[in-house]
$ cat query.pdb   # PDB, N, CA and C atoms
MODEL        1
ATOM      1  N   MET A   1      17.043  21.363 -54.271  1.00  0.00           N
ATOM      2  CA  MET A   1      18.356  21.471 -53.674  1.00  0.00           C
ATOM      3  C   MET A   1      19.356  21.812 -54.774  1.00  0.00           C
ATOM      4  N   THR A   2      20.141  22.846 -54.552  1.00  0.00           N
ATOM      5  CA  THR A   2      21.128  23.236 -55.545  1.00  0.00           C
ATOM      6  C   THR A   2      22.342  22.319 -55.477  1.00  0.00           C
ATOM      7  N   LYS A   3      23.141  22.367 -56.505  1.00  0.00           N
ATOM      8  CA  LYS A   3      24.345  21.543 -56.557  1.00  0.00           C
ATOM      9  C   LYS A   3      25.293  21.916 -55.416  1.00  0.00           C
ATOM     10  N   LYS A   4      25.430  23.213 -55.143  1.00  0.00           N
ATOM     11  CA  LYS A   4      26.310  23.665 -54.066  1.00  0.00           C
ATOM     12  C   LYS A   4      25.822  23.152 -52.711  1.00  0.00           C
ATOM     13  N   THR A   5      24.521  23.211 -52.476  1.00  0.00           N
ATOM     14  CA  THR A   5      23.954  22.715 -51.224  1.00  0.00           C
ATOM     15  C   THR A   5      24.191  21.215 -51.089  1.00  0.00           C
ATOM     16  N   LEU A   6      24.007  20.506 -52.171  1.00  0.00           N
ATOM     17  CA  LEU A   6      24.230  19.060 -52.151  1.00  0.00           C
ATOM     18  C   LEU A   6      25.689  18.739 -51.842  1.00  0.00           C
ATOM     19  N   LEU A   7      26.604  19.446 -52.476  1.00  0.00           N
ATOM     20  CA  LEU A   7      28.024  19.215 -52.219  1.00  0.00           C
ATOM     21  C   LEU A   7      28.389  19.540 -50.773  1.00  0.00           C
ATOM     22  N   ASN A   8      27.817  20.590 -50.233  1.00  0.00           N
ATOM     23  CA  ASN A   8      28.065  20.927 -48.826  1.00  0.00           C
ATOM     24  C   ASN A   8      27.543  19.829 -47.900  1.00  0.00           C
ATOM     25  N   SER A   9      26.375  19.295 -48.224  1.00  0.00           N
ATOM     26  CA  SER A   9      25.811  18.210 -47.417  1.00  0.00           C
ATOM     27  C   SER A   9      26.698  16.969 -47.460  1.00  0.00           C
ATOM     28  N   ILE A  10      27.207  16.657 -48.627  1.00  0.00           N
ATOM     29  CA  ILE A  10      28.101  15.511 -48.777  1.00  0.00           C
ATOM     30  C   ILE A  10      29.378  15.733 -47.987  1.00  0.00           C
ATOM     31  N   GLU A  11      29.917  16.940 -48.048  1.00  0.00           N
ATOM     32  CA  GLU A  11      31.143  17.253 -47.310  1.00  0.00           C
ATOM     33  C   GLU A  11      30.933  17.091 -45.801  1.00  0.00           C
ATOM     34  N   VAL A  12      29.811  17.564 -45.296  1.00  0.00           N
ATOM     35  CA  VAL A  12      29.507  17.425 -43.876  1.00  0.00           C
ATOM     36  C   VAL A  12      29.389  15.953 -43.499  1.00  0.00           C
ATOM     37  N   THR A  13      28.736  15.170 -44.341  1.00  0.00           N
ATOM     38  CA  THR A  13      28.579  13.736 -44.088  1.00  0.00           C
ATOM     39  C   THR A  13      29.933  13.041 -44.050  1.00  0.00           C
ATOM     40  N   ILE A  14      30.773  13.350 -45.005  1.00  0.00           N
ATOM     41  CA  ILE A  14      32.102  12.736 -45.064  1.00  0.00           C
ATOM     42  C   ILE A  14      32.917  13.108 -43.835  1.00  0.00           C
ATOM     43  N   ASN A  15      32.926  14.386 -43.495  1.00  0.00           N
ATOM     44  CA  ASN A  15      33.711  14.835 -42.341  1.00  0.00           C
ATOM     45  C   ASN A  15      33.231  14.204 -41.041  1.00  0.00           C
ATOM     46  N   SER A  16      31.923  14.119 -40.862  1.00  0.00           N
ATOM     47  CA  SER A  16      31.413  13.514 -39.632  1.00  0.00           C
ATOM     48  C   SER A  16      31.694  12.012 -39.602  1.00  0.00           C
ATOM     49  N   THR A  17      31.663  11.371 -40.748  1.00  0.00           N
ATOM     50  CA  THR A  17      31.967   9.942 -40.823  1.00  0.00           C
ATOM     51  C   THR A  17      33.426   9.679 -40.470  1.00  0.00           C
ATOM     52  N   ILE A  18      34.309  10.493 -40.994  1.00  0.00           N
ATOM     53  CA  ILE A  18      35.729  10.336 -40.682  1.00  0.00           C
ATOM     54  C   ILE A  18      35.956  10.547 -39.185  1.00  0.00           C
ATOM     55  N   LYS A  19      35.307  11.535 -38.614  1.00  0.00           N
ATOM     56  CA  LYS A  19      35.431  11.780 -37.179  1.00  0.00           C
ATOM     57  C   LYS A  19      34.932  10.571 -36.388  1.00  0.00           C
ATOM     58  N   ARG A  20      33.791  10.011 -36.789  1.00  0.00           N
ATOM     59  CA  ARG A  20      33.241   8.835 -36.108  1.00  0.00           C
ATOM     60  C   ARG A  20      34.186   7.649 -36.214  1.00  0.00           C
ATOM     61  N   LEU A  21      34.842   7.486 -37.364  1.00  0.00           N
ATOM     62  CA  LEU A  21      35.763   6.366 -37.541  1.00  0.00           C
ATOM     63  C   LEU A  21      36.930   6.439 -36.565  1.00  0.00           C
ATOM     64  N   THR A  22      37.348   7.638 -36.192  1.00  0.00           N
ATOM     65  CA  THR A  22      38.455   7.773 -35.253  1.00  0.00           C
ATOM     66  C   THR A  22      38.005   7.515 -33.818  1.00  0.00           C
ATOM     67  N   GLN A  23      36.696   7.503 -33.566  1.00  0.00           N
ATOM     68  CA  GLN A  23      36.178   7.372 -32.208  1.00  0.00           C
ATOM     69  C   GLN A  23      35.621   5.990 -31.886  1.00  0.00           C
ATOM     70  N   ILE A  24      35.441   5.152 -32.876  1.00  0.00           N
ATOM     71  CA  ILE A  24      34.820   3.847 -32.635  1.00  0.00           C
ATOM     72  C   ILE A  24      35.782   2.720 -32.978  1.00  0.00           C
ATOM     73  N   GLU A  25      35.429   1.530 -32.550  1.00  0.00           N
ATOM     74  CA  GLU A  25      36.277   0.363 -32.770  1.00  0.00           C
ATOM     75  C   GLU A  25      35.438  -0.848 -33.163  1.00  0.00           C
ATOM     76  N   GLY A  26      36.114  -1.898 -33.531  1.00  0.00           N
ATOM     77  CA  GLY A  26      35.485  -3.192 -33.773  1.00  0.00           C
ATOM     78  C   GLY A  26      34.501  -3.214 -34.928  1.00  0.00           C
ATOM     79  N   TYR A  27      33.403  -3.953 -34.707  1.00  0.00           N
ATOM     80  CA  TYR A  27      32.412  -4.144 -35.765  1.00  0.00           C
ATOM     81  C   TYR A  27      31.749  -2.836 -36.190  1.00  0.00           C
ATOM     82  N   ASN A  28      31.568  -1.910 -35.255  1.00  0.00           N
ATOM     83  CA  ASN A  28      30.970  -0.626 -35.611  1.00  0.00           C
ATOM     84  C   ASN A  28      31.841   0.121 -36.615  1.00  0.00           C
ATOM     85  N   LYS A  29      33.147   0.107 -36.380  1.00  0.00           N
ATOM     86  CA  LYS A  29      34.067   0.786 -37.289  1.00  0.00           C
ATOM     87  C   LYS A  29      34.065   0.107 -38.657  1.00  0.00           C
ATOM     88  N   MET A  30      34.063  -1.208 -38.647  1.00  0.00           N
ATOM     89  CA  MET A  30      34.066  -1.952 -39.896  1.00  0.00           C
ATOM     90  C   MET A  30      32.792  -1.674 -40.699  1.00  0.00           C
ATOM     91  N   SER A  31      31.660  -1.601 -40.033  1.00  0.00           N
ATOM     92  CA  SER A  31      30.386  -1.346 -40.713  1.00  0.00           C
ATOM     93  C   SER A  31      30.381   0.023 -41.392  1.00  0.00           C
ATOM     94  N   ILE A  32      30.830   1.031 -40.677  1.00  0.00           N
ATOM     95  CA  ILE A  32      30.860   2.378 -41.265  1.00  0.00           C
ATOM     96  C   ILE A  32      31.863   2.433 -42.398  1.00  0.00           C
ATOM     97  N   HIS A  33      33.014   1.796 -42.210  1.00  0.00           N
ATOM     98  CA  HIS A  33      34.025   1.809 -43.266  1.00  0.00           C
ATOM     99  C   HIS A  33      33.501   1.143 -44.530  1.00  0.00           C
ATOM    100  N   ILE A  34      32.795   0.048 -44.389  1.00  0.00           N
ATOM    101  CA  ILE A  34      32.219  -0.639 -45.549  1.00  0.00           C
ATOM    102  C   ILE A  34      31.185   0.256 -46.230  1.00  0.00           C
ATOM    103  N   GLU A  35      30.332   0.893 -45.432  1.00  0.00           N
ATOM    104  CA  GLU A  35      29.273   1.733 -45.985  1.00  0.00           C
ATOM    105  C   GLU A  35      29.823   2.928 -46.770  1.00  0.00           C
ATOM    106  N   PHE A  36      30.889   3.521 -46.267  1.00  0.00           N
ATOM    107  CA  PHE A  36      31.431   4.724 -46.883  1.00  0.00           C
ATOM    108  C   PHE A  36      32.797   4.494 -47.530  1.00  0.00           C
ATOM    109  N   ARG A  37      33.102   3.253 -47.856  1.00  0.00           N
ATOM    110  CA  ARG A  37      34.421   2.870 -48.359  1.00  0.00           C
ATOM    111  C   ARG A  37      34.902   3.718 -49.530  1.00  0.00           C
ATOM    112  N   GLU A  38      34.078   3.911 -50.531  1.00  0.00           N
ATOM    113  CA  GLU A  38      34.506   4.646 -51.717  1.00  0.00           C
ATOM    114  C   GLU A  38      34.865   6.084 -51.372  1.00  0.00           C
ATOM    115  N   TRP A  39      34.070   6.705 -50.526  1.00  0.00           N
ATOM    116  CA  TRP A  39      34.361   8.089 -50.132  1.00  0.00           C
ATOM    117  C   TRP A  39      35.647   8.157 -49.323  1.00  0.00           C
ATOM    118  N   ILE A  40      35.803   7.252 -48.380  1.00  0.00           N
ATOM    119  CA  ILE A  40      36.993   7.253 -47.519  1.00  0.00           C
ATOM    120  C   ILE A  40      38.247   7.043 -48.350  1.00  0.00           C
ATOM    121  N   GLU A  41      38.207   6.087 -49.253  1.00  0.00           N
ATOM    122  CA  GLU A  41      39.368   5.821 -50.094  1.00  0.00           C
ATOM    123  C   GLU A  41      39.701   7.000 -50.988  1.00  0.00           C
ATOM    124  N   ALA A  42      38.689   7.676 -51.511  1.00  0.00           N
ATOM    125  CA  ALA A  42      38.921   8.848 -52.368  1.00  0.00           C
ATOM    126  C   ALA A  42      39.568   9.980 -51.575  1.00  0.00           C
ATOM    127  N   ILE A  43      39.165  10.152 -50.320  1.00  0.00           N
ATOM    128  CA  ILE A  43      39.731  11.206 -49.493  1.00  0.00           C
ATOM    129  C   ILE A  43      41.168  10.890 -49.117  1.00  0.00           C
ATOM    130  N   GLU A  44      41.467   9.641 -48.839  1.00  0.00           N
ATOM    131  CA  GLU A  44      42.794   9.257 -48.391  1.00  0.00           C
ATOM    132  C   GLU A  44      43.828   9.295 -49.516  1.00  0.00           C
ATOM    133  N   GLU A  45      43.398   9.334 -50.762  1.00  0.00           N
ATOM    134  CA  GLU A  45      44.346   9.336 -51.890  1.00  0.00           C
ATOM    135  C   GLU A  45      44.980  10.674 -52.097  1.00  0.00           C
TER     136      GLU A  45
ENDMDL
END
$ encode --input "query.pdb" --output "structure tokens"
Amino acid sequence: MTKKTLLNSIEVTINSTIKRLTQIEGYNKMSIHIEFREWIEAIEE
């Protein structure tokens, strides 16, 4: 896997995670936020 392919995969994962966070609530939202916390915080800055 090339670096560009890896970065594209990460971008897709981040974007889909952010979309999921806007669609879910409660414990499910908290679980995803905890799992991807560092990425989410980096994007929001």
$ closest_residue --input "query.pdb" --among "A:Met1, A:Ile24, A:Val12, A:Ile18" --to "Arg37 of chain A" --atoms "only C-alpha atoms"
A:Ile18
$ residues_around --input "query.pdb" --residues "Leu21 of chain A" --least-positions-apart "4" --cutoff "8 Å" --atoms "all atoms listed in the file" --output "PyMOL selection string"
chain A and resi 15-17+25+28-30+32-33
$ atom_distance --input "query.pdb" --atom1 "atom C of Glu35 of chain A" --atom2 "atom CA of Ile14 of chain A"
10.2 Å
$ atom_distance --input "query.pdb" --atom1 "atom N of Glu11 of chain A" --atom2 "atom C of Glu44 of chain A"
15.9 Å
$ atom_distance --input "query.pdb" --atom1 "atom C of Leu6 of chain A" --atom2 "atom C of Gln23 of chain A"
25.7 Å
$ decode --input "query.pdb" --residues "segment 3-44 of chain A" --atoms "N, CA and C atoms" --output "compact mmCIF listing (two decimals), in the first residue's frame"
# COMPACT_ATOMS: atom_id res chain seq x y z
N LYS A 3 1.83 5.32 0.32
CA LYS A 3 1.51 6.34 1.32
C LYS A 3 0.25 7.10 0.92
N LYS A 4 0.12 7.42 -0.37
CA LYS A 4 -1.05 8.15 -0.85
C LYS A 4 -2.33 7.33 -0.65
N THR A 5 -2.27 6.04 -0.94
CA THR A 5 -3.42 5.16 -0.75
C THR A 5 -3.79 5.09 0.73
N LEU A 6 -2.79 4.99 1.57
CA LEU A 6 -3.05 4.93 3.01
C LEU A 6 -3.70 6.22 3.49
N LEU A 7 -3.19 7.35 3.05
CA LEU A 7 -3.78 8.63 3.45
C LEU A 7 -5.21 8.77 2.96
N ASN A 8 -5.48 8.31 1.76
CA ASN A 8 -6.85 8.34 1.24
C ASN A 8 -7.78 7.46 2.08
N SER A 9 -7.28 6.30 2.47
CA SER A 9 -8.08 5.40 3.31
C SER A 9 -8.38 6.03 4.67
N ILE A 10 -7.40 6.69 5.24
CA ILE A 10 -7.60 7.37 6.52
C ILE A 10 -8.61 8.49 6.37
N GLU A 11 -8.51 9.25 5.28
CA GLU A 11 -9.45 10.35 5.05
C GLU A 11 -10.89 9.83 4.93
N VAL A 12 -11.07 8.74 4.21
CA VAL A 12 -12.40 8.15 4.07
C VAL A 12 -12.93 7.69 5.43
N THR A 13 -12.07 7.08 6.23
CA THR A 13 -12.47 6.61 7.56
C THR A 13 -12.88 7.78 8.44
N ILE A 14 -12.10 8.83 8.42
CA ILE A 14 -12.40 10.01 9.23
C ILE A 14 -13.72 10.63 8.80
N ASN A 15 -13.89 10.81 7.50
CA ASN A 15 -15.12 11.43 7.00
C ASN A 15 -16.36 10.61 7.33
N SER A 16 -16.26 9.30 7.18
CA SER A 16 -17.42 8.46 7.49
C SER A 16 -17.70 8.45 8.99
N THR A 17 -16.66 8.52 9.80
CA THR A 17 -16.84 8.56 11.25
C THR A 17 -17.53 9.85 11.67
N ILE A 18 -17.10 10.95 11.10
CA ILE A 18 -17.73 12.23 11.42
C ILE A 18 -19.20 12.21 11.01
N LYS A 19 -19.49 11.65 9.85
CA LYS A 19 -20.88 11.55 9.40
C LYS A 19 -21.69 10.69 10.37
N ARG A 20 -21.13 9.57 10.81
CA ARG A 20 -21.82 8.69 11.76
C ARG A 20 -22.07 9.40 13.08
N LEU A 21 -21.12 10.22 13.52
CA LEU A 21 -21.29 10.94 14.79
C LEU A 21 -22.47 11.89 14.74
N THR A 22 -22.77 12.45 13.57
CA THR A 22 -23.90 13.36 13.46
C THR A 22 -25.23 12.61 13.41
N GLN A 23 -25.19 11.29 13.18
CA GLN A 23 -26.41 10.51 13.01
C GLN A 23 -26.78 9.66 14.21
N ILE A 24 -25.89 9.52 15.16
CA ILE A 24 -26.15 8.63 16.30
C ILE A 24 -26.17 9.42 17.60
N GLU A 25 -26.66 8.78 18.64
CA GLU A 25 -26.78 9.42 19.94
C GLU A 25 -26.37 8.47 21.06
N GLY A 26 -26.29 8.99 22.25
CA GLY A 26 -26.09 8.20 23.45
C GLY A 26 -24.76 7.46 23.51
N TYR A 27 -24.83 6.23 24.02
CA TYR A 27 -23.62 5.44 24.23
C TYR A 27 -22.90 5.12 22.92
N ASN A 28 -23.65 4.94 21.84
CA ASN A 28 -23.01 4.66 20.55
C ASN A 28 -22.13 5.83 20.12
N LYS A 29 -22.64 7.04 20.30
CA LYS A 29 -21.87 8.23 19.92
C LYS A 29 -20.64 8.36 20.81
N MET A 30 -20.81 8.12 22.09
CA MET A 30 -19.70 8.22 23.02
C MET A 30 -18.61 7.20 22.68
N SER A 31 -19.00 5.99 22.33
CA SER A 31 -18.04 4.94 21.99
C SER A 31 -17.21 5.31 20.77
N ILE A 32 -17.87 5.80 19.74
CA ILE A 32 -17.13 6.19 18.52
C ILE A 32 -16.24 7.38 18.81
N HIS A 33 -16.75 8.34 19.58
CA HIS A 33 -15.95 9.51 19.89
C HIS A 33 -14.70 9.13 20.66
N ILE A 34 -14.82 8.22 21.60
CA ILE A 34 -13.66 7.76 22.37
C ILE A 34 -12.66 7.05 21.45
N GLU A 35 -13.17 6.20 20.57
CA GLU A 35 -12.30 5.43 19.67
C GLU A 35 -11.51 6.33 18.72
N PHE A 36 -12.15 7.38 18.22
CA PHE A 36 -11.52 8.24 17.24
C PHE A 36 -11.21 9.63 17.77
N ARG A 37 -11.12 9.76 19.08
CA ARG A 37 -10.97 11.06 19.74
C ARG A 37 -9.83 11.90 19.18
N GLU A 38 -8.66 11.33 19.03
CA GLU A 38 -7.51 12.11 18.57
C GLU A 38 -7.74 12.65 17.17
N TRP A 39 -8.31 11.84 16.30
CA TRP A 39 -8.57 12.30 14.93
C TRP A 39 -9.62 13.40 14.93
N ILE A 40 -10.69 13.20 15.69
CA ILE A 40 -11.78 14.19 15.73
C ILE A 40 -11.27 15.52 16.26
N GLU A 41 -10.51 15.47 17.33
CA GLU A 41 -9.98 16.70 17.91
C GLU A 41 -9.03 17.41 16.96
N ALA A 42 -8.22 16.66 16.23
CA ALA A 42 -7.29 17.26 15.26
C ALA A 42 -8.06 17.94 14.13
N ILE A 43 -9.16 17.35 13.69
CA ILE A 43 -9.95 17.93 12.62
C ILE A 43 -10.67 19.19 13.09
N GLU A 44 -11.16 19.19 14.30
CA GLU A 44 -11.93 20.32 14.81
C GLU A 44 -11.05 21.53 15.12
